[in-house]
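**Student:** Let me begin by handing over the structure; questions about it come next.
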Amino acid sequence: VTPDLPTGAPIALSYPHFYQADEQYQNAVVGLKPDKEKHQFYVDIAPDFGFPLAIRPRFQLNVVINRDPDIPIMSNFAEELILPFLWAQDGFSEPSDEMAEAIKFGLAAPGKLSLLGGVAMLALGGALILSSLVWMFIVK
């Protein structure tokens, strides 16, 4: 490896269709139509848990091409051209039925479990007092 050669892949990451990018990038490629609904990355978080209710990651991979006057077809390029070659999305727009049920249970559980725990402790305390009284009467 010589120090004058570039290292790493000439790849840049962006939102699809250069959404929220400077107009110079959008204008350099024909056919781009950035649209917030189609191209933004969003996450909807449940405030009680910090758990994602919806997540839609969207990204675009771009190749960075620098002008090279020694190659005829590349001599007419801009000094630097960011050319999209792939955009992808993943995730989910709303929780599945299973996830929704788990979230409902998680939200309701603290109230129900504390009530159940309180009743169980009262019952245990009553049983211990009753058994102590029975033991005292039998032993005496």
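Following the order of the structure tokens, first chain is A, next is B, and so on, with residues numbered from 1 inside each chain and ligands from 1 in the order they appear.
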Could you list, as a ChimeraX atom specification, every residue within 6 Å of Pro16 of chain A, counting only C-alpha atoms and ignoring same-chain residues fewer than 6 positions away?

**Tutor:** /A:39,59-60,87

**Student:** As a PyMOL selection string, please: every residue in segment 1-82 of chain A that a backbone DSSP assignment puts in strand (DSSP E or B).

**Tutor:** chain A and resi 11-14+42-46+51-56+58-66+80-82

**Student:** Name the residues of chain A that fall into helix (DSSP H, G or I) according to DSSP on the backbone, using the chain letters and numbers of this document, as a PyMOL selection string.

**Tutor:** chain A and resi 16-18+23-27+36-39+72-74+97-139

**Student:** Could you check the closest approach to Gly91 of chain A for each of A:Gly50, A:Gly118, A:Pro57, A:Gly106 and tell me which residue wins, using only C-alpha atoms?

**Tutor:**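 Of the candidates, the smallest distance to Gly91 of chain A is held by A:Pro57.
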
**Student:** Restricting the calculation to only C-alpha atoms: of A:Leu124, A:Leu130, A:Ile82, A:Ala100, which residue gets closest to Ser14 of chain A?

**Tutor:**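 Under the stated criterion, the closest residue is A:Ile82.
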
**Student:** What gap, in Å, lies between atom CA of Ser93 of chain A and atom CA of Phe49 of chain A?

**Tutor:** 17.9 Å

**Student:** May I have the residues within 12 Å of Glu23 of chain A as a VMD selection string, using only C-alpha atoms and disregarding those fewer than 5 positions away in the same chain?

**Tutor:** chain A and resid 17 to 18 28 to 29 32 to 34

**Student:** Those same residues - C-alpha atoms - I'd like them written as a tab-separated table (two decimals), in the first residue's frame.

**Tutor:**
chain	number	residue	atom	x	y	z
A	17	HIS	CA	-33.56	10.50	-2.85
A	18	PHE	CA	-31.21	12.78	-0.88
A	28	ALA	CA	-26.98	16.34	-9.84
A	29	VAL	CA	-29.09	13.21	-10.42
A	32	LEU	CA	-35.06	12.22	-7.66
A	33	LYS	CA	-38.21	13.31	-5.84
A	34	PRO	CA	-37.56	13.54	-2.09

**Student:** Nearest to Tyr15 of chain A among A:Leu53, A:Leu86, A:Gly111, A:Gly31, with distances taken over only C-alpha atoms: which residue is it?

**Tutor:**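 Smallest distance to Tyr15 of chain A is found for A:Leu86.
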
**Student:** If I take atom CA of Pro10 of chain A and atom CA of Leu83 of chain A, how far is one from the other in Å, to one decimal?

**Tutor:**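 That distance, rounded to one decimal, is 10.6 Å.
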
**Student:** So that I can check the surroundings of Met99 of chain A, please list as a list in words every protein, DNA and RNA residue that reaches within 12 Å of it, counting only C-alpha atoms and ignoring chain neighbours fewer than 5 positions away.

**Tutor:** Phe51, Pro52, Leu53, Ala54, Phe92, Glu94, Lys104, Phe105 and Gly106 of chain A

**Student:** Keeping only N, CA, C and O atoms, write the selected residues as an mmCIF file, in the first residue's frame.

**Tutor:**
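And here's again.cif as it stands now:
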data_model
loop_
_atom_site.group_PDB
_atom_site.id
_atom_site.type_symbol
_atom_site.label_atom_id
_atom_site.label_comp_id
_atom_site.auth_asym_id
_atom_site.auth_seq_id
_atom_site.Cartn_x
_atom_site.Cartn_y
_atom_site.Cartn_z
ATOM 1 N N PHE A 51 -39.657 1.667 24.546
ATOM 2 C CA PHE A 51 -39.668 0.564 23.590
ATOM 3 C C PHE A 51 -40.239 1.068 22.268
ATOM 4 O O PHE A 51 -41.212 1.810 22.261
ATOM 5 N N PRO A 52 -39.654 0.691 21.126
ATOM 6 C CA PRO A 52 -40.178 1.195 19.846
ATOM 7 C C PRO A 52 -41.520 0.564 19.477
ATOM 8 O O PRO A 52 -41.648 -0.657 19.424
ATOM 9 N N LEU A 53 -42.505 1.406 19.236
ATOM 10 C CA LEU A 53 -43.811 0.941 18.752
ATOM 11 C C LEU A 53 -43.795 0.845 17.230
ATOM 12 O O LEU A 53 -44.522 0.049 16.649
ATOM 13 N N ALA A 54 -43.009 1.686 16.616
ATOM 14 C CA ALA A 54 -42.857 1.685 15.164
ATOM 15 C C ALA A 54 -41.458 2.178 14.853
ATOM 16 O O ALA A 54 -40.955 3.085 15.503
ATOM 17 N N PHE A 92 -41.014 -1.771 10.947
ATOM 18 C CA PHE A 92 -42.457 -1.981 10.994
ATOM 19 C C PHE A 92 -43.133 -0.663 11.328
ATOM 20 O O PHE A 92 -42.582 0.174 12.019
ATOM 21 N N GLU A 94 -46.281 -0.412 12.719
ATOM 22 C CA GLU A 94 -47.081 -0.515 13.944
ATOM 23 C C GLU A 94 -46.753 -1.839 14.605
ATOM 24 O O GLU A 94 -46.275 -2.779 13.965
ATOM 25 N N LYS A 104 -49.703 -3.991 26.320
ATOM 26 C CA LYS A 104 -50.871 -3.796 27.193
ATOM 27 C C LYS A 104 -50.650 -4.470 28.545
ATOM 28 O O LYS A 104 -50.960 -3.901 29.594
ATOM 29 N N PHE A 105 -50.126 -5.696 28.529
ATOM 30 C CA PHE A 105 -49.841 -6.399 29.782
ATOM 31 C C PHE A 105 -48.807 -5.635 30.594
ATOM 32 O O PHE A 105 -48.963 -5.456 31.802
ATOM 33 N N GLY A 106 -47.755 -5.173 29.926
ATOM 34 C CA GLY A 106 -46.702 -4.431 30.620
ATOM 35 C C GLY A 106 -47.200 -3.145 31.248
ATOM 36 O O GLY A 106 -46.744 -2.749 32.322
#

**Student:** Which of these residues is nearest to Ala9 of chain A, using only C-alpha atoms: A:Leu81, A:Val64, A:Leu122, A:Met136?

**Tutor:**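 Answer, going by the shortest atom-to-atom distance: A:Val64.
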
**Student:** Could you jot down the atom CA of Pro84 of chain A to atom CA of Val63 of chain A separation for me, Å, one decimal place?

**Tutor:**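 Distance between the two atoms: 6.3 Å.
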